Structures are given as structure tokens and as C-alpha cells.
Amino acid sequence: MRQQDFLKVWFRLFTRLGQLPSLADFNPSRMEDEKPELMYYDVVHTGDEIRYPVIFAGQRLIEAYGFNAVGRDLQDILSPTIWTHVECLYDQCVLRGMPTYSVFTVVDVHNDVVAYERLLLPFGEANVVKQIVASIKSISTEGRFVNRDLMRSKDHDPQYTLRAVVDRCAPDKVTTSWADDVVEI
């Protein structure tokens, strides 16, 4: 599983440096193979709000969303309903300086259930998050699904089964201190 490899590389860098790694330091093997399912964001603080301009979008994600989001802010391209589900994941990644992971399901045009795994990895300097890399993997138990415009359907309603902060330094317990349905692992 590439997301697990990404997470291991990120934590090795974090442990070795004693702080957030920079995006330039993040060089997992076979990174080019993963690019179709990656998005890169800058992190911009504007007052109390955090904005997420897209600086790279992989081809499979462009197909799933139906457009290329490069140059636009994440919260401006997602519907307000969808943004309410994902905002806390991005914000917690930035505020805690730790990876976040989520799993949600949607259905394709043939009503096949598709699970999406989203791993957000924070990068920065002096423990201030400046960029996020999102690895977004799609999986179907049916073994097949239609990726085209999967995330743009008018009835798109993600059903989350897990939203979590991944923190190896946290106590060995699961908490729900910052949202009722988000756990810290």
C-alpha cells in the first residue's frame, strides 16, 4: 500500500529532523507512479481562515472531479456540503502538524460503491505547515468502477467511515476531543 509507505517515509523524516519535513525532503521511491492520485496544496493563512490553493492535481483525480483545480482554492471548488466534511481534516493537519487519514464512500454512475482513502501529509519549516500532499486512492469491492466525474455527480454524498489524525506521539488511546466523529490514532 503506497499510502502506508508515504506515511512511513514522512514519520522517518519527522523523527530524524525533530520537526516538520520540507516538501523538498520528501522523496519516497516510485513517487512518479503515484502522481496520478496526488494533489499538492499550498497553505495560506488569511486572518482566522486557512486557504488551500491547489498547486498540482494528478490525472486520475482530474478525471474523478471532472476538471483541473490547479490555481484554485480547495474550498472554492468543493460544494459547501462536501467542504463541511473535509475542512476539519485539512485544518487539523495544519493545526497539529500531523498527517490525517480518512475513508469515505460514494457511488459511480452504475451504483457501484467506491471507497476513497485520503492521506494528508503536512510539510513546512520551523514546524509551520506550508504545504500539504494528499494521496487519494479509490477502491471498489466490485473490482471495477467508473472514475470519470465520480466526485461531481449531483447526488454525490460522501459517507465517511473514518476520519483520523495520525500521531505517533499521542497517548496510546483513541480520543474524539476535536470532533465527535474524528478520532486520533
# chains A, B, ... in the order shown; residues from 1 in each chain; ligands from 1
$ closest_atom_pairs --of "segment 63-93 of chain A" --to "segment 49-55 of chain A" --cutoff "7 Å" --atoms "only C-alpha atoms" --output "tab-separated table"
residue	atom	partner	partner_atom	distance
A:Ala69	CA	A:Val54	CA	6.2
A:Val70	CA	A:Val54	CA	4.8
A:Gly71	CA	A:Val54	CA	5.6
A:Arg72	CA	A:Pro53	CA	5.4
A:Asp73	CA	A:Pro53	CA	3.9
A:Leu74	CA	A:Tyr52	CA	5.3
$ residues_around --residues "segment 2-9 of chain A" --least-positions-apart "6" --cutoff "9 Å" --atoms "only C-alpha atoms" --output "ChimeraX atom specification"
/A:26-29,34,99,117-119,121,135-137
$ residues_around --residues "Tyr116 of chain A" --least-positions-apart "2" --cutoff "9 Å" --atoms "only C-alpha atoms" --output "JSON list (two decimals) with C-alpha atoms, in the first residue's frame"
[["chain", "number", "residue", "atom", "x", "y", "z"],
["A", 102, "SER", "CA", -9.96, 9.37, 6.09],
["A", 103, "VAL", "CA", -12.08, 6.81, 4.31],
["A", 104, "PHE", "CA", -15.36, 7.65, 2.62],
["A", 105, "THR", "CA", -17.61, 6.03, 0.04],
["A", 106, "VAL", "CA", -19.52, 7.32, -2.96],
["A", 114, "VAL", "CA", -16.29, 3.23, -4.42],
["A", 118, "ARG", "CA", -7.35, 10.22, 1.70],
["A", 136, "ILE", "CA", -6.28, 9.97, -2.69],
["A", 137, "LYS", "CA", -6.84, 6.31, -3.57],
["A", 138, "SER", "CA", -10.03, 4.84, -4.98],
["A", 139, "ILE", "CA", -11.02, 1.23, -4.38],
["A", 140, "SER", "CA", -14.10, -0.83, -5.21]]
$ select_by_dssp --residues "segment 37-138 of chain A" --states "helix (DSSP H, G or I)" --output "ChimeraX atom specification"
/A:37,59-65,74-77,80-96
$ residues_around --residues "Pro122 of chain A" --least-positions-apart "3" --cutoff "8 Å" --atoms "only C-alpha atoms" --output "list in words"
Leu20, Cys93, Val94, Gly97, Met98, Pro99, Val129, Lys130, Gln131, Ile132 and Val133 of chain A
$ decode --residues "segment 100-138 of chain A" --atoms "N, CA and C atoms" --output "compact mmCIF listing (two decimals), in the first residue's frame"
# COMPACT_ATOMS: atom_id res chain seq x y z
N THR A 100 -3.34 13.38 8.47
CA THR A 100 -4.71 12.95 8.72
C THR A 100 -5.08 11.91 7.67
N TYR A 101 -5.99 11.04 8.05
CA TYR A 101 -6.40 9.95 7.17
C TYR A 101 -7.91 9.82 7.25
N SER A 102 -8.51 9.57 6.10
CA SER A 102 -9.96 9.37 6.09
C SER A 102 -10.34 8.35 5.04
N VAL A 103 -11.49 7.75 5.26
CA VAL A 103 -12.08 6.81 4.31
C VAL A 103 -13.54 7.21 4.15
N PHE A 104 -13.96 7.37 2.89
CA PHE A 104 -15.36 7.65 2.62
C PHE A 104 -15.78 6.90 1.37
N THR A 105 -17.09 6.73 1.21
CA THR A 105 -17.61 6.03 0.04
C THR A 105 -18.55 6.93 -0.74
N VAL A 106 -18.57 6.69 -2.04
CA VAL A 106 -19.52 7.32 -2.96
C VAL A 106 -19.95 6.22 -3.94
N VAL A 107 -20.90 6.51 -4.81
CA VAL A 107 -21.30 5.54 -5.83
C VAL A 107 -21.02 6.12 -7.21
N ASP A 108 -20.67 5.24 -8.15
CA ASP A 108 -20.41 5.69 -9.52
C ASP A 108 -21.70 5.68 -10.32
N VAL A 109 -21.60 5.92 -11.62
CA VAL A 109 -22.79 6.01 -12.47
C VAL A 109 -23.55 4.69 -12.57
N HIS A 110 -22.92 3.58 -12.23
CA HIS A 110 -23.58 2.27 -12.25
C HIS A 110 -23.99 1.82 -10.84
N ASN A 111 -23.95 2.75 -9.89
CA ASN A 111 -24.27 2.49 -8.49
C ASN A 111 -23.32 1.52 -7.81
N ASP A 112 -22.11 1.38 -8.35
CA ASP A 112 -21.08 0.60 -7.66
C ASP A 112 -20.47 1.47 -6.58
N VAL A 113 -20.30 0.90 -5.40
CA VAL A 113 -19.73 1.64 -4.27
C VAL A 113 -18.22 1.75 -4.46
N VAL A 114 -17.72 2.97 -4.30
CA VAL A 114 -16.29 3.23 -4.42
C VAL A 114 -15.82 3.84 -3.12
N ALA A 115 -14.78 3.25 -2.54
CA ALA A 115 -14.20 3.80 -1.31
C ALA A 115 -13.00 4.67 -1.69
N TYR A 116 -12.90 5.81 -1.04
CA TYR A 116 -11.76 6.72 -1.22
C TYR A 116 -11.00 6.78 0.09
N GLU A 117 -9.69 6.56 0.00
CA GLU A 117 -8.81 6.74 1.14
C GLU A 117 -8.02 8.01 0.90
N ARG A 118 -8.07 8.95 1.84
CA ARG A 118 -7.35 10.22 1.70
C ARG A 118 -6.34 10.34 2.84
N LEU A 119 -5.07 10.44 2.46
CA LEU A 119 -4.00 10.68 3.41
C LEU A 119 -3.44 12.06 3.15
N LEU A 120 -3.48 12.92 4.15
CA LEU A 120 -2.93 14.27 4.05
C LEU A 120 -1.63 14.33 4.84
N LEU A 121 -0.55 14.74 4.17
CA LEU A 121 0.76 14.86 4.81
C LEU A 121 1.18 16.32 4.83
N PRO A 122 1.49 16.85 6.03
CA PRO A 122 1.90 18.25 6.14
C PRO A 122 3.41 18.43 5.95
N PHE A 123 3.78 19.52 5.30
CA PHE A 123 5.18 19.87 5.10
C PHE A 123 5.36 21.34 5.41
N GLY A 124 6.57 21.70 5.89
CA GLY A 124 6.78 23.10 6.21
C GLY A 124 8.18 23.39 6.68
N GLU A 125 8.27 24.46 7.45
CA GLU A 125 9.54 24.86 8.04
C GLU A 125 9.27 25.44 9.41
N ALA A 126 10.20 25.23 10.31
CA ALA A 126 10.06 25.70 11.70
C ALA A 126 8.71 25.28 12.29
N ASN A 127 8.28 24.06 11.98
CA ASN A 127 7.01 23.50 12.46
C ASN A 127 5.78 24.31 12.08
N VAL A 128 5.87 25.05 10.99
CA VAL A 128 4.71 25.76 10.43
C VAL A 128 4.39 25.08 9.10
N VAL A 129 3.15 24.59 8.97
CA VAL A 129 2.75 23.88 7.76
C VAL A 129 2.61 24.87 6.61
N LYS A 130 3.33 24.61 5.52
CA LYS A 130 3.32 25.47 4.34
C LYS A 130 2.68 24.78 3.13
N GLN A 131 2.76 23.43 3.08
CA GLN A 131 2.18 22.66 2.00
C GLN A 131 1.57 21.38 2.56
N ILE A 132 0.64 20.83 1.79
CA ILE A 132 0.05 19.53 2.10
C ILE A 132 0.09 18.71 0.82
N VAL A 133 0.46 17.44 0.96
CA VAL A 133 0.33 16.48 -0.13
C VAL A 133 -0.81 15.55 0.24
N ALA A 134 -1.77 15.41 -0.68
CA ALA A 134 -2.89 14.49 -0.48
C ALA A 134 -2.74 13.30 -1.42
N SER A 135 -2.72 12.12 -0.84
CA SER A 135 -2.77 10.88 -1.62
C SER A 135 -4.20 10.40 -1.52
N ILE A 136 -4.86 10.32 -2.67
CA ILE A 136 -6.28 9.97 -2.69
C ILE A 136 -6.46 8.73 -3.56
N LYS A 137 -6.73 7.61 -2.91
CA LYS A 137 -6.84 6.31 -3.57
C LYS A 137 -8.30 5.87 -3.65
N SER A 138 -8.69 5.36 -4.80
CA SER A 138 -10.03 4.84 -4.98
C SER A 138 -9.99 3.32 -5.09
